[in-house]
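Peer 1: My structure file input_11.txt, compact mmCIF, C-alpha atoms, is below:
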# COMPACT_ATOMS: atom_id res chain seq x y z
CA MET N 168 120.92 101.06 113.97
CA GLN N 169 118.06 98.70 113.28
CA CYS N 170 115.15 100.33 111.55
CA LYS N 171 111.94 99.95 113.49
CA VAL N 172 109.47 101.41 111.04
CA GLN N 173 108.61 100.09 107.63
CA LEU N 174 106.54 101.80 104.98
CA ILE N 175 103.98 99.94 102.93
CA VAL N 176 102.30 101.40 99.86
CA ASP N 177 99.79 99.81 97.53
CA ALA N 178 100.83 98.93 94.00
CA SER N 179 99.06 101.98 92.58
CA ALA N 180 101.97 104.16 93.74
CA ASP N 181 104.59 104.95 91.08
CA LEU N 182 107.37 103.35 93.04
CA SER N 183 110.79 103.25 91.41
CA PRO N 184 112.82 100.03 91.52
CA GLU N 185 115.45 101.64 93.78
CA ALA N 186 112.97 101.97 96.65
CA GLN N 187 113.68 98.51 98.01
CA GLN N 188 112.90 99.18 101.65
CA ILE N 189 109.24 99.82 100.95
CA ALA N 190 106.81 96.90 100.89
CA VAL N 191 104.13 96.88 98.20
CA LEU N 192 100.59 95.67 98.81
CA PRO N 193 99.36 94.04 95.56
CA ILE N 194 96.27 95.29 93.73
CA ARG N 195 93.90 93.49 91.38
CA LEU N 196 93.63 94.41 87.72
CA ARG N 197 90.86 93.25 85.42
CA ILE N 198 91.94 93.34 81.80
CA ASN N 199 89.49 92.09 79.19
CA ASP N 200 87.65 90.01 81.80
CA ARG N 201 90.78 88.33 83.12
CA LEU N 202 92.00 89.03 86.62
CA TYR N 203 95.65 89.78 87.33
CA ILE N 204 97.44 90.51 90.57
CA ASP N 205 99.83 93.44 90.24
CA ASP N 206 102.51 93.10 92.89
CA GLY N 207 104.09 96.40 91.86
CA SER N 208 107.19 94.70 90.48
CA ILE N 209 109.03 95.99 87.45
CA ALA N 210 108.56 92.57 85.84
CA PHE N 211 104.76 92.84 86.09
CA LYS N 212 104.79 96.42 84.78
CA HIS N 213 106.84 95.34 81.77
CA ASP N 214 104.49 92.46 81.11
CA PHE N 215 101.53 94.82 81.47
CA TYR N 216 102.89 97.35 79.00
CA ARG N 217 104.25 94.77 76.56
CA ASN N 218 101.59 92.07 76.53
CA LEU N 219 98.51 92.66 78.63
CA TRP N 220 97.45 96.19 77.85
CA ARG N 221 96.85 96.72 74.16
CA HIS N 222 96.47 100.44 73.68
CA GLY N 223 92.95 101.31 72.72
CA GLU N 224 91.91 97.64 72.46
CA SER N 225 91.88 96.52 76.07
CA PHE N 226 89.41 97.48 78.68
CA ALA N 227 91.27 97.56 81.95
CA GLN N 228 90.23 98.58 85.41
CA VAL N 229 91.51 98.32 88.95
CA GLU N 230 89.50 96.35 91.50
CA ALA N 231 89.90 96.58 95.24
CA SER N 232 91.27 93.42 96.79
CA ASP N 233 88.95 91.77 99.30
CA GLU N 234 89.63 92.08 102.99
CA GLU N 235 90.71 88.47 103.48
CA GLU N 236 93.27 88.85 100.70
CA ILE N 237 94.66 91.98 102.38
CA ALA N 238 94.74 90.27 105.80
CA VAL N 239 96.61 87.27 104.38
CA TRP N 240 99.13 89.53 102.63
CA LEU N 241 99.75 91.47 105.84
CA GLU N 242 100.08 88.23 107.82
CA LYS N 243 102.63 86.86 105.40
CA ASN N 244 104.60 90.04 104.74
CA ALA N 245 104.33 92.35 107.71
CA VAL N 246 103.37 90.62 110.93
CA TYR N 247 106.55 88.62 111.61
CA SER N 248 108.98 91.17 110.21
CA PRO N 249 111.65 92.69 112.44
CA TYR N 250 109.91 96.05 112.12
CA ARG N 251 107.92 97.15 115.10
CA LEU N 252 105.58 99.37 113.18
CA GLN N 253 104.24 99.22 109.69
CA ILE N 254 102.82 102.40 108.20
CA LEU N 255 100.55 101.79 105.30
CA THR N 256 99.89 104.84 103.19
CA GLY N 257 96.99 104.99 100.78
CA ASN N 258 96.58 106.65 97.43
CA ALA N 259 93.69 109.08 96.92
CA SER N 260 92.60 107.31 93.76
CA ARG N 261 92.12 104.00 95.54
CA THR N 262 89.56 105.10 98.11
CA LEU N 263 87.78 101.75 98.27
CA LEU N 264 91.03 99.83 98.66
CA PHE N 265 92.16 102.19 101.40
CA GLU N 266 88.86 101.78 103.26
CA LYS N 267 89.19 98.01 103.03
CA VAL N 268 92.76 98.19 104.30
CA GLN N 269 91.62 100.29 107.25
CA ARG N 270 88.82 97.83 108.07
CA THR N 271 91.17 94.86 107.71
CA ILE N 272 93.66 96.40 110.13
CA ALA N 273 90.92 97.31 112.62
CA GLU N 274 89.49 93.77 112.53
CA ASN N 275 92.78 91.88 112.58
CA LEU N 276 95.29 93.92 114.55
CA GLN N 277 94.71 91.93 117.76
CA VAL N 278 94.99 88.70 115.76
CA PHE N 279 98.28 89.84 114.24
CA LYS N 280 99.65 90.87 117.64
CA ARG N 281 98.67 87.51 119.13
CA LEU N 282 100.21 85.53 116.26
CA ARG N 283 103.42 87.52 116.62
CA LEU N 284 103.54 86.72 120.33
CA GLU N 285 102.83 83.04 119.68
CA ARG N 286 105.79 83.03 117.32
CA GLY N 287 107.96 84.29 120.15
CA ILE N 288 108.37 87.88 118.93
CA PHE N 289 107.72 89.97 122.01
CA GLU N 290 108.47 93.48 120.76
CA HIS N 291 105.56 95.88 120.59
CA PHE N 292 103.93 95.90 117.17
CA ASN N 293 101.42 98.05 115.36
CA ILE N 294 100.14 98.78 111.87
CA LYS N 295 98.73 102.17 110.96
CA ALA N 296 96.98 103.17 107.77
CA LEU N 297 97.53 106.79 106.81
CA GLY N 298 95.57 108.18 103.90
CA SER N 299 96.98 110.96 101.77
CA ARG N 300 95.24 112.76 98.97
CA LEU N 301 98.00 112.21 96.46
CA MET N 302 98.17 111.28 92.81
CA PHE N 303 100.65 109.51 90.57
CA GLY N 304 104.18 109.59 91.97
CA GLY N 305 103.19 111.70 95.00
CA GLN N 306 102.66 108.62 97.13
CA SER N 307 106.05 107.32 96.12
CA VAL N 308 107.83 110.61 96.91
CA LEU N 309 106.41 110.63 100.43
CA ALA N 310 106.95 106.94 101.12
CA ARG N 311 110.56 107.10 99.93
CA GLU N 312 111.37 110.06 102.14
CA ALA N 313 109.60 108.54 105.16
CA SER N 314 111.46 105.27 104.53
CA ARG N 315 114.77 107.13 104.35
CA MET N 316 113.96 108.83 107.67
CA ALA N 317 113.17 105.43 109.19
CA GLN N 318 116.46 103.99 107.94
CA GLN N 319 118.26 106.83 109.68
CA GLY N 320 116.49 106.00 112.93
CA ALA N 321 113.97 108.85 113.03
CA ALA N 322 111.29 108.57 115.71
CA LEU N 323 107.84 107.47 114.73
CA ALA N 324 106.37 110.82 115.76
CA ASP N 325 108.73 112.63 113.36
CA ILE N 326 107.90 110.29 110.50
CA SER N 327 104.14 110.60 111.07
CA PHE N 328 104.41 114.39 111.31
CA TYR N 329 106.43 114.53 108.09
CA LEU N 330 103.94 112.33 106.24
CA GLN N 331 100.98 114.42 107.28
CA ALA N 332 102.63 117.81 106.74
CA ALA N 333 104.37 117.03 103.45
CA ALA N 334 101.25 115.41 101.93
CA LYS N 335 99.73 118.90 101.71
CA ARG N 336 102.72 120.16 99.74
CA VAL N 337 103.11 117.34 97.22
CA THR N 338 102.52 118.55 93.68
CA SER N 339 102.08 116.39 90.60
CA LEU N 340 102.07 117.38 86.95
CA ILE N 341 100.53 114.98 84.48
CA ALA N 342 100.58 115.00 80.69
CA PRO N 343 97.87 112.40 79.88
CA GLY N 344 98.45 109.84 77.16
CA VAL N 345 96.49 109.01 74.02
CA MET N 346 93.41 111.20 74.05
CA PRO N 347 91.01 108.90 72.14
CA TYR N 348 91.72 106.27 74.79
CA LEU N 349 90.78 108.68 77.55
CA LYS N 350 87.71 109.74 75.61
CA ASP N 351 86.55 106.11 75.30
CA ARG N 352 87.11 105.52 78.96
CA GLY N 353 85.13 108.66 79.64
CA VAL N 354 82.18 107.20 77.75
CA GLU N 355 82.46 103.88 79.55
CA GLY N 356 83.04 104.81 83.10
CA GLY N 357 84.32 108.30 83.82
CA TYR N 358 87.83 109.55 83.95
CA GLY N 359 88.75 107.96 87.22
CA TRP N 360 90.63 110.55 89.15
CA ILE N 361 91.42 112.76 86.19
CA ASP N 362 88.90 115.53 86.64
CA ALA N 363 86.64 115.56 83.60
CA LYS N 364 86.30 119.35 83.76
CA ALA N 365 90.06 119.81 83.93
CA LEU N 366 90.50 117.42 81.06
CA ASN N 367 88.51 119.38 78.49
CA LEU N 368 88.72 117.19 75.43
CA LYS N 369 88.83 120.21 73.14
CA MET N 370 92.32 120.74 74.51
CA ARG N 371 94.07 118.02 72.64
CA PHE N 372 96.96 117.50 75.02
CA PRO N 373 96.58 119.30 78.35
CA VAL N 374 99.05 119.33 81.22
CA VAL N 375 97.23 119.10 84.54
CA GLU N 376 98.55 120.04 87.96
CA TYR N 377 97.32 118.26 91.11
CA ARG N 378 97.89 119.73 94.51
CA GLY N 379 95.94 119.50 97.74
CA GLY N 380 93.17 117.47 96.13
CA ALA N 381 92.51 120.11 93.42
CA SER N 382 93.38 119.92 89.74
CA THR N 383 94.17 122.77 87.34
CA VAL N 384 94.97 122.74 83.63
CA VAL N 385 98.26 124.60 83.32
CA ALA N 386 98.92 124.17 79.58
CA LYS N 387 97.33 123.08 76.31
CA GLU N 388 99.67 121.54 73.78
CA LYS N 389 99.30 120.34 70.22
CA SER N 390 100.98 116.99 70.70
CA ARG N 391 101.81 114.56 73.46
CA ASP N 392 105.50 115.22 72.93
CA ASN N 393 104.96 118.95 73.38
CA ALA N 394 103.04 118.28 76.58
CA ALA N 395 105.89 116.13 77.90
CA VAL N 396 108.43 118.82 76.98
CA PHE N 397 106.30 121.44 78.74
CA LEU N 398 106.20 119.23 81.83
CA LEU N 399 109.99 118.81 81.84
CA GLU N 400 110.56 122.55 81.28
CA THR N 401 108.20 123.47 84.10
CA LEU N 402 109.92 121.04 86.43
CA HIS N 403 113.30 122.47 85.43
CA ALA N 404 112.10 126.01 86.21
CA ILE N 405 110.76 124.85 89.58
CA LEU N 406 114.11 123.27 90.43
CA GLU N 407 116.07 126.31 89.32
CA GLY N 408 113.76 128.55 91.33
CA GLY N 409 114.42 126.46 94.42
CA GLU N 410 110.72 125.68 94.79
CA ALA N 411 111.17 121.92 95.18
CA GLU N 412 112.20 120.44 98.48
CA ALA N 413 114.82 117.68 98.65
CA PRO N 414 115.32 114.80 98.40
CA PHE N 415 113.15 113.12 95.73
CA ILE N 416 111.42 113.83 92.45
CA VAL N 417 109.62 110.95 90.77
CA LEU N 418 109.14 111.03 87.00
CA SER N 419 106.99 108.25 85.62
CA GLN N 420 105.92 107.23 82.17
CA ALA N 421 103.14 104.89 81.06
CA GLU N 422 105.28 102.90 78.65
CA GLU N 423 107.56 99.91 78.80
CA ALA N 424 110.53 101.69 77.22
CA LEU N 425 111.16 104.88 79.15
CA SER N 426 111.90 107.55 76.56
CA LEU N 427 111.92 110.49 79.00
CA ARG N 428 115.69 110.39 79.31
CA ASP N 429 115.98 110.94 75.55
CA TYR N 430 114.18 114.28 75.63
CA PRO N 431 116.59 117.18 75.04
CA ARG N 432 115.45 118.90 78.23
CA PHE N 433 116.10 115.89 80.41
CA SER N 434 119.87 116.27 80.85
CA ALA N 435 119.50 119.92 81.97
CA LEU N 436 116.80 118.82 84.41
CA ALA N 437 118.98 116.03 85.79
CA ALA N 438 121.90 118.46 86.21
CA ALA N 439 119.70 120.97 88.06
CA ALA N 440 118.45 118.19 90.38
CA ALA N 441 122.01 117.01 91.08
CA ARG N 442 123.10 120.56 91.94
CA ARG N 443 120.41 120.73 94.59
CA ASP N 444 121.08 117.26 95.91
CA ILE N 445 117.69 116.02 94.74
CA GLU N 446 117.39 112.46 93.48
CA LEU N 447 115.55 112.22 90.18
CA ALA N 448 113.90 108.78 89.89
CA VAL N 449 112.55 107.75 86.48
CA THR N 450 110.18 104.81 86.61
CA PRO N 451 107.44 103.06 84.67
CA MET N 452 104.09 104.45 85.77
CA SER N 453 102.07 102.16 88.03
CA THR N 454 99.44 100.15 86.16
CA ALA N 455 96.61 101.81 88.10
CA SER N 456 97.82 105.32 87.18
CA ALA N 457 98.45 104.28 83.57
CA ILE N 458 94.94 102.90 83.18
CA ALA N 459 93.50 106.23 84.30
CA ALA N 460 95.96 108.50 82.49
CA GLY N 461 96.23 106.62 79.21
CA PRO N 462 99.09 105.05 77.26
CA GLY N 463 102.18 107.23 77.00
CA ALA N 464 101.21 109.53 79.89
CA VAL N 465 104.04 111.28 81.71
CA SER N 466 103.93 112.52 85.29
CA ALA N 467 106.25 114.29 87.71
CA SER N 468 105.79 114.55 91.48
CA TRP N 469 107.75 116.45 94.09
CA VAL N 470 107.37 118.16 97.45
CA SER N 471 107.01 121.93 97.10
CA ARG N 472 108.43 124.36 99.61
CA GLY N 473 105.89 126.25 101.73
CA MET E 260 101.21 63.27 112.90
CA SER E 261 100.08 66.38 114.77
CA VAL E 262 99.47 69.68 113.08
CA THR E 263 100.33 72.99 114.73
CA LEU E 264 99.11 76.49 114.01
CA PHE E 265 102.16 77.77 112.19
CA GLU E 266 102.11 74.84 109.77
CA LEU E 267 98.73 75.97 108.47
CA ALA E 268 98.03 78.48 105.70
CA PRO E 269 97.92 82.17 106.74
CA GLU E 270 94.14 82.42 106.22
CA ALA E 271 93.63 79.36 108.45
CA ARG E 272 95.86 80.94 111.09
CA ILE E 273 93.87 84.18 111.04
CA HIS E 274 90.47 82.49 111.32
CA PHE E 275 91.70 80.07 113.96
CA THR E 276 93.07 82.89 116.10
CA LYS E 277 89.69 84.63 115.96
CA MET E 278 88.01 81.39 117.06
CA ALA E 279 90.59 81.03 119.83
CA PHE E 280 89.77 84.53 121.11
CA ILE E 281 86.10 83.53 121.36
CA TYR E 282 87.00 80.30 123.13
CA GLU E 283 89.28 82.06 125.59
CA GLN E 284 86.66 84.68 126.34
CA SER E 285 83.89 82.16 126.92
CA SER E 286 85.90 79.58 128.87
CA ARG E 287 88.30 82.01 130.61
CA VAL E 288 91.19 79.74 129.73
CA LYS E 289 94.36 81.07 128.13
CA LEU E 290 95.64 78.84 125.33
CA LYS E 291 99.04 78.43 123.78
CA LEU E 292 97.89 78.61 120.20
CA ASN E 293 100.82 76.82 118.62
CA GLU E 294 100.22 73.63 120.59
CA ALA E 295 98.45 70.84 118.73
CA ALA E 296 96.07 70.33 121.64
CA SER E 297 94.87 73.93 121.38
CA LEU E 298 93.81 73.37 117.79
CA ILE E 299 91.74 70.34 118.81
CA THR E 300 90.18 72.11 121.79
CA VAL E 301 89.08 75.14 119.80
CA ILE E 302 87.85 73.11 116.82
CA ASN E 303 85.75 70.82 119.01
CA SER E 304 84.39 73.77 120.94
CA SER E 305 83.54 75.47 117.64
CA LEU E 306 81.68 72.38 116.42
CA GLU E 307 79.57 72.21 119.56
CA LYS E 308 78.48 75.79 118.98
CA ALA E 309 78.59 75.60 115.21
CA ASN E 310 75.90 78.16 114.50
CA GLN E 311 76.84 80.63 117.18
CA ASP E 312 79.79 82.98 117.46
CA TYR E 313 82.26 80.72 115.73
CA GLY E 314 80.18 80.13 112.61
CA ARG E 315 81.58 83.13 110.81
CA TYR E 316 85.15 81.87 110.98
CA PHE E 317 84.81 78.09 111.21
CA THR E 318 83.75 77.38 107.63
CA ARG E 319 86.49 79.62 106.22
CA PHE E 320 88.98 77.98 108.57
CA LEU E 321 88.02 74.53 107.27
CA GLN E 322 88.19 75.71 103.67
CA ALA E 323 91.76 76.89 104.20
CA LEU E 324 92.92 73.45 105.37
CA THR E 325 94.34 70.80 103.08
CA LYS E 326 92.99 67.24 103.12
CA ASN E 327 96.13 66.04 104.87
CA GLU E 328 95.73 68.66 107.57
CA LEU E 329 92.08 67.70 108.05
CA ARG E 330 93.07 64.05 108.26
CA ALA E 331 95.80 64.78 110.81
CA LEU E 332 93.43 66.88 112.91
CA ALA E 333 90.81 64.12 112.84
CA GLU E 334 93.40 61.56 113.92
CA ASP E 335 94.33 63.81 116.84
CA GLY E 336 90.73 63.86 118.03
CA ALA E 337 89.21 66.85 116.26
CA LYS E 338 85.64 66.03 115.35
CA VAL E 339 86.18 67.10 111.79
CA TYR E 340 85.31 64.56 109.16
CA ARG E 341 84.90 66.83 106.21
CA GLY E 342 87.43 65.34 103.81
CA ALA E 343 89.36 63.77 106.66
CA LEU E 344 88.77 60.26 105.41
CA ALA E 345 89.93 61.01 101.89
CA PRO E 346 93.19 59.29 100.97
CA ALA E 347 96.29 61.17 102.04
CA GLU E 348 97.44 63.54 99.30
CA SER E 349 100.97 62.25 99.09
CA GLY E 350 100.62 58.88 100.79
CA PRO E 351 99.80 55.50 99.20
CA GLN E 352 96.24 54.88 98.17
CA THR E 353 94.33 52.71 100.64
CA ALA E 354 92.41 49.71 99.36
CA ALA E 355 88.65 49.99 99.15
CA PRO E 356 86.96 48.44 102.18
CA VAL E 357 85.46 45.02 101.44
CA ASN E 358 82.54 45.29 103.76
CA GLN E 359 81.48 48.82 103.46
CA SER E 360 78.88 50.48 105.62
CA VAL E 361 77.24 53.49 104.15
CA ILE E 362 75.27 56.30 105.69
CA TYR E 363 72.52 57.39 103.37
CA ARG E 364 70.40 60.34 104.45
CA GLY E 365 71.39 59.70 108.04
CA VAL E 366 70.40 55.95 107.95
CA ARG E 367 73.12 53.34 108.23
CA VAL E 368 73.11 50.77 105.40
CA GLU E 369 74.92 47.75 106.86
CA GLY E 370 77.37 45.63 104.96
CA GLY E 371 75.77 45.84 101.55
CA PRO E 372 77.47 46.71 98.33
CA ALA E 373 78.40 50.30 97.88
CA GLN E 374 75.42 52.28 96.69
CA SER E 375 75.59 55.28 94.52
CA ALA E 376 74.50 58.47 96.16
CA ALA E 377 71.31 60.10 95.03
CA PRO E 378 71.77 63.29 93.04
CA GLY E 379 72.82 66.10 95.31
CA GLU E 380 73.65 63.76 98.17
CA GLN E 381 77.18 63.02 99.30
CA ARG E 382 77.80 59.40 100.21
CA GLN E 383 79.72 59.30 103.47
CA ALA E 384 81.91 56.35 104.46
CA SER E 385 81.83 55.51 108.14
CA ALA E 386 84.81 55.96 110.41
CA PRO E 387 86.90 52.79 110.82
CA GLU E 388 85.93 52.18 114.44
CA GLY E 389 82.66 52.60 116.30
CA ARG E 390 79.35 53.74 114.92
CA LYS E 391 78.86 57.38 114.24
CA ARG E 392 76.20 59.47 112.65
CA VAL E 393 77.73 62.50 111.06
CA TYR E 394 75.94 65.52 109.71
CA ARG E 395 77.99 68.32 108.16
CA GLY E 396 81.06 67.42 110.10
CA VAL E 397 79.26 67.20 113.45
CA ILE E 398 79.00 63.82 115.19
CA LEU E 399 75.36 63.47 116.17
CA ASP E 400 75.73 60.26 118.18
CA GLU E 401 78.34 57.62 118.77
CA ASP E 402 77.99 53.98 119.79
Kindly transcribe the structure held in the file into structure tokens.
Peer 2:
Amino acid sequence: MQCKVQLIVDASADLSPEAQQIAVLPIRLRINDRLYIDDGSIAFKHDFYRNLWRHGESFAQVEASDEEEIAVWLEKNAVYSPYRLQILTGNASRTLLFEKVQRTIAENLQVFKRLRLERGIFEHFNIKALGSRLMFGGQSVLAREASRMAQQGAALADISFYLQAAAKRVTSLIAPGVMPYLKDRGVEGGYGWIDAKALNLKMRFPVVEYRGGASTVVAKEKSRDNAAVFLLETLHAILEGGEAEAPFIVLSQAEEALSLRDYPRFSALAAAAARRDIELAVTPMSTASAIAAGPGAVSASWVSRG
Amino acid sequence: MSVTLFELAPEARIHFTKMAFIYEQSSRVKLKLNEAASLITVINSSLEKANQDYGRYFTRFLQALTKNELRALAEDGAKVYRGALAPAESGPQTAAPVNQSVIYRGVRVEGGPAQSAAPGEQRQASAPEGRKRVYRGVILDED
């Protein structure tokens, strides 16, 4: 059956390389006064972690693409595709980008439909932008499941309902990276979407939980490694307790070389996920999340039951 | 050589389609956008009403065109001379005209040697046939 719906996420989602059916809208990164376009590819992430982003030395920030840039990307990548509907989901941390995407779609949808007709593609076509208040890999978890539903021929109404309902149940745990880096960023321009109150700098290595737009510190650890181990142990307990809903968990790490698999707890976690038919995706963290969470940060996102 | 819509850059396509919507609304004529003639019709209509509804899209449309595309559009009858007379990007260089007429601040300088433009002024070579006064891509009068 031909899939009629395609998911689009922006490059600030922690999308794993396996998620090939999902299109990625590029974002702009400014690193030490030079502008880069992050297309969400693994190659760019590797280059970012290896060459562009010197821990503690670089000042990096995400900039919203302008509306013409977004319109041109959509025209090139979405308008003439065989998909009848493109759903573009937005990350909570990229509010300005999401607003621009919404405006771009509102202003250009008729243009896109006309161009598609002029090209001789007569099937009905639409693009919708759905915002979700998600962090880190949460966007990726939802987009991957919605994409899987689309591949299996699910109706648009079912996919939309799933996206809206599941967004409220997505939980993310984050163990932020190097604390001095976060502290410096705090002085320069705020913590981005890491809540400054939650991230009390007296706690040297906190683990923060995000759910439903609220953040809570759930642990204080003495080292980054301890925080990562705590995160993996918590996730393991959640899996064993049957609190996570299939089919995806996304683990991401703000480093080029992913060391998460080397943690002693990882193999038990992977086994627990396999027993429950949950796919455990380990991926480099998106550049946008990494800039906010700091070098070496680790995050896990899943859909909770109930 | 004619240019059609889907040979242009995506940004040019988007701005042109917006201009075409305005044209269709005002003239109550439905266009086939991918025909070369539609491009010329909408461009010429846009130039006649340069500072009205089209203005927002027309400049950005022109900016998204290559010199070769501008040249091809001009040859097809579009009243666009911004860059259209520049040598073709990939074609052979044309020889400099021997008897050059120059428009300087809107006044035709007949047959004299090429004069350098004053600072801030762009010297504009005349079109090969006929006499035209051109201001910002708009033909003001034609002999």
Peer 1: Between atom CA of Ser314 of chain N and atom CA of Lys171 of chain N, what is the spacing in Å?
Peer 2: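 Pair atom CA of Lys171 of chain N / atom CA of Ser314 of chain N returns 10.4 Å.
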Peer 1: Between chain N and chain E, at 12 Å or less, what are the per-residue closest atom pairs and their distances in Å? Count only C-alpha atoms, order by chain and rising residue number, and return it as JSON lines.
Peer 2:
{"residue": "N:Glu234", "atom": "CA", "partner": "E:Glu270", "partner_atom": "CA", "distance": 11.1}
{"residue": "N:Glu235", "atom": "CA", "partner": "E:Glu270", "partner_atom": "CA", "distance": 7.5}
{"residue": "N:Glu236", "atom": "CA", "partner": "E:Glu270", "partner_atom": "CA", "distance": 8.5}
{"residue": "N:Ile237", "atom": "CA", "partner": "E:Glu270", "partner_atom": "CA", "distance": 10.3}
{"residue": "N:Ala238", "atom": "CA", "partner": "E:Glu270", "partner_atom": "CA", "distance": 7.9}
{"residue": "N:Val239", "atom": "CA", "partner": "E:Glu270", "partner_atom": "CA", "distance": 5.7}
{"residue": "N:Trp240", "atom": "CA", "partner": "E:Pro269", "partner_atom": "CA", "distance": 8.5}
{"residue": "N:Leu241", "atom": "CA", "partner": "E:Pro269", "partner_atom": "CA", "distance": 9.5}
{"residue": "N:Glu242", "atom": "CA", "partner": "E:Pro269", "partner_atom": "CA", "distance": 6.5}
{"residue": "N:Lys243", "atom": "CA", "partner": "E:Pro269", "partner_atom": "CA", "distance": 6.8}
{"residue": "N:Asn244", "atom": "CA", "partner": "E:Pro269", "partner_atom": "CA", "distance": 10.5}
{"residue": "N:Val246", "atom": "CA", "partner": "E:Pro269", "partner_atom": "CA", "distance": 10.9}
{"residue": "N:Tyr247", "atom": "CA", "partner": "E:Phe265", "partner_atom": "CA", "distance": 11.7}
{"residue": "N:Thr271", "atom": "CA", "partner": "E:Ile273", "partner_atom": "CA", "distance": 11.5}
{"residue": "N:Glu274", "atom": "CA", "partner": "E:Lys277", "partner_atom": "CA", "distance": 9.8}
{"residue": "N:Asn275", "atom": "CA", "partner": "E:Ile273", "partner_atom": "CA", "distance": 7.9}
{"residue": "N:Leu276", "atom": "CA", "partner": "E:Ile273", "partner_atom": "CA", "distance": 10.5}
{"residue": "N:Gln277", "atom": "CA", "partner": "E:Lys277", "partner_atom": "CA", "distance": 9.0}
{"residue": "N:Val278", "atom": "CA", "partner": "E:Thr276", "partner_atom": "CA", "distance": 6.1}
{"residue": "N:Phe279", "atom": "CA", "partner": "E:Ile273", "partner_atom": "CA", "distance": 7.9}
{"residue": "N:Lys280", "atom": "CA", "partner": "E:Thr276", "partner_atom": "CA", "distance": 10.5}
{"residue": "N:Arg281", "atom": "CA", "partner": "E:Thr276", "partner_atom": "CA", "distance": 7.9}
{"residue": "N:Leu282", "atom": "CA", "partner": "E:Thr276", "partner_atom": "CA", "distance": 7.6}
{"residue": "N:Arg283", "atom": "CA", "partner": "E:Phe265", "partner_atom": "CA", "distance": 10.8}
{"residue": "N:Leu284", "atom": "CA", "partner": "E:Leu292", "partner_atom": "CA", "distance": 9.9}
{"residue": "N:Glu285", "atom": "CA", "partner": "E:Asn293", "partner_atom": "CA", "distance": 6.6}
{"residue": "N:Arg286", "atom": "CA", "partner": "E:Asn293", "partner_atom": "CA", "distance": 8.1}
{"residue": "N:Gly287", "atom": "CA", "partner": "E:Asn293", "partner_atom": "CA", "distance": 10.4}
Peer 1: What is the atom CA of Ala437 of chain N to atom CA of Val465 of chain N distance in Å?
Peer 2: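 About the pair atom CA of Ala437 of chain N and atom CA of Val465 of chain N: they are 16.2 Å apart.
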Peer 1: Which distance in Å separates atom CA of Val374 of chain N and atom CA of Leu196 of chain N, to one decimal?
Peer 2: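 Calculated distance between atom CA of Val374 of chain N and atom CA of Leu196 of chain N is 26.3 Å.
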Peer 1: For Leu398 of chain N, find every residue with an atom within 8 Å (counting all atoms listed in the file), except residues of its own chain fewer than 3 positions away, and show them as a PyMOL selection string.
Peer 2: chain N and resi 340-342+374+394-395+401-402+466-467
Peer 1: From the list N:Ala404, N:Leu174, N:Ala296, N:Leu219, which residue is nearest Tyr250 of chain N when using only C-alpha atoms?
Peer 2: N:Leu174
Peer 1: Skipping near chain neighbours, those fewer than 3 positions away, what residues fall within 10 Å of Gly409 of chain N using only C-alpha atoms, listed as JSON, numbers by chain?
Peer 2: {"N": [403, 404, 405, 406, 412, 413, 439, 443, 471, 472]}
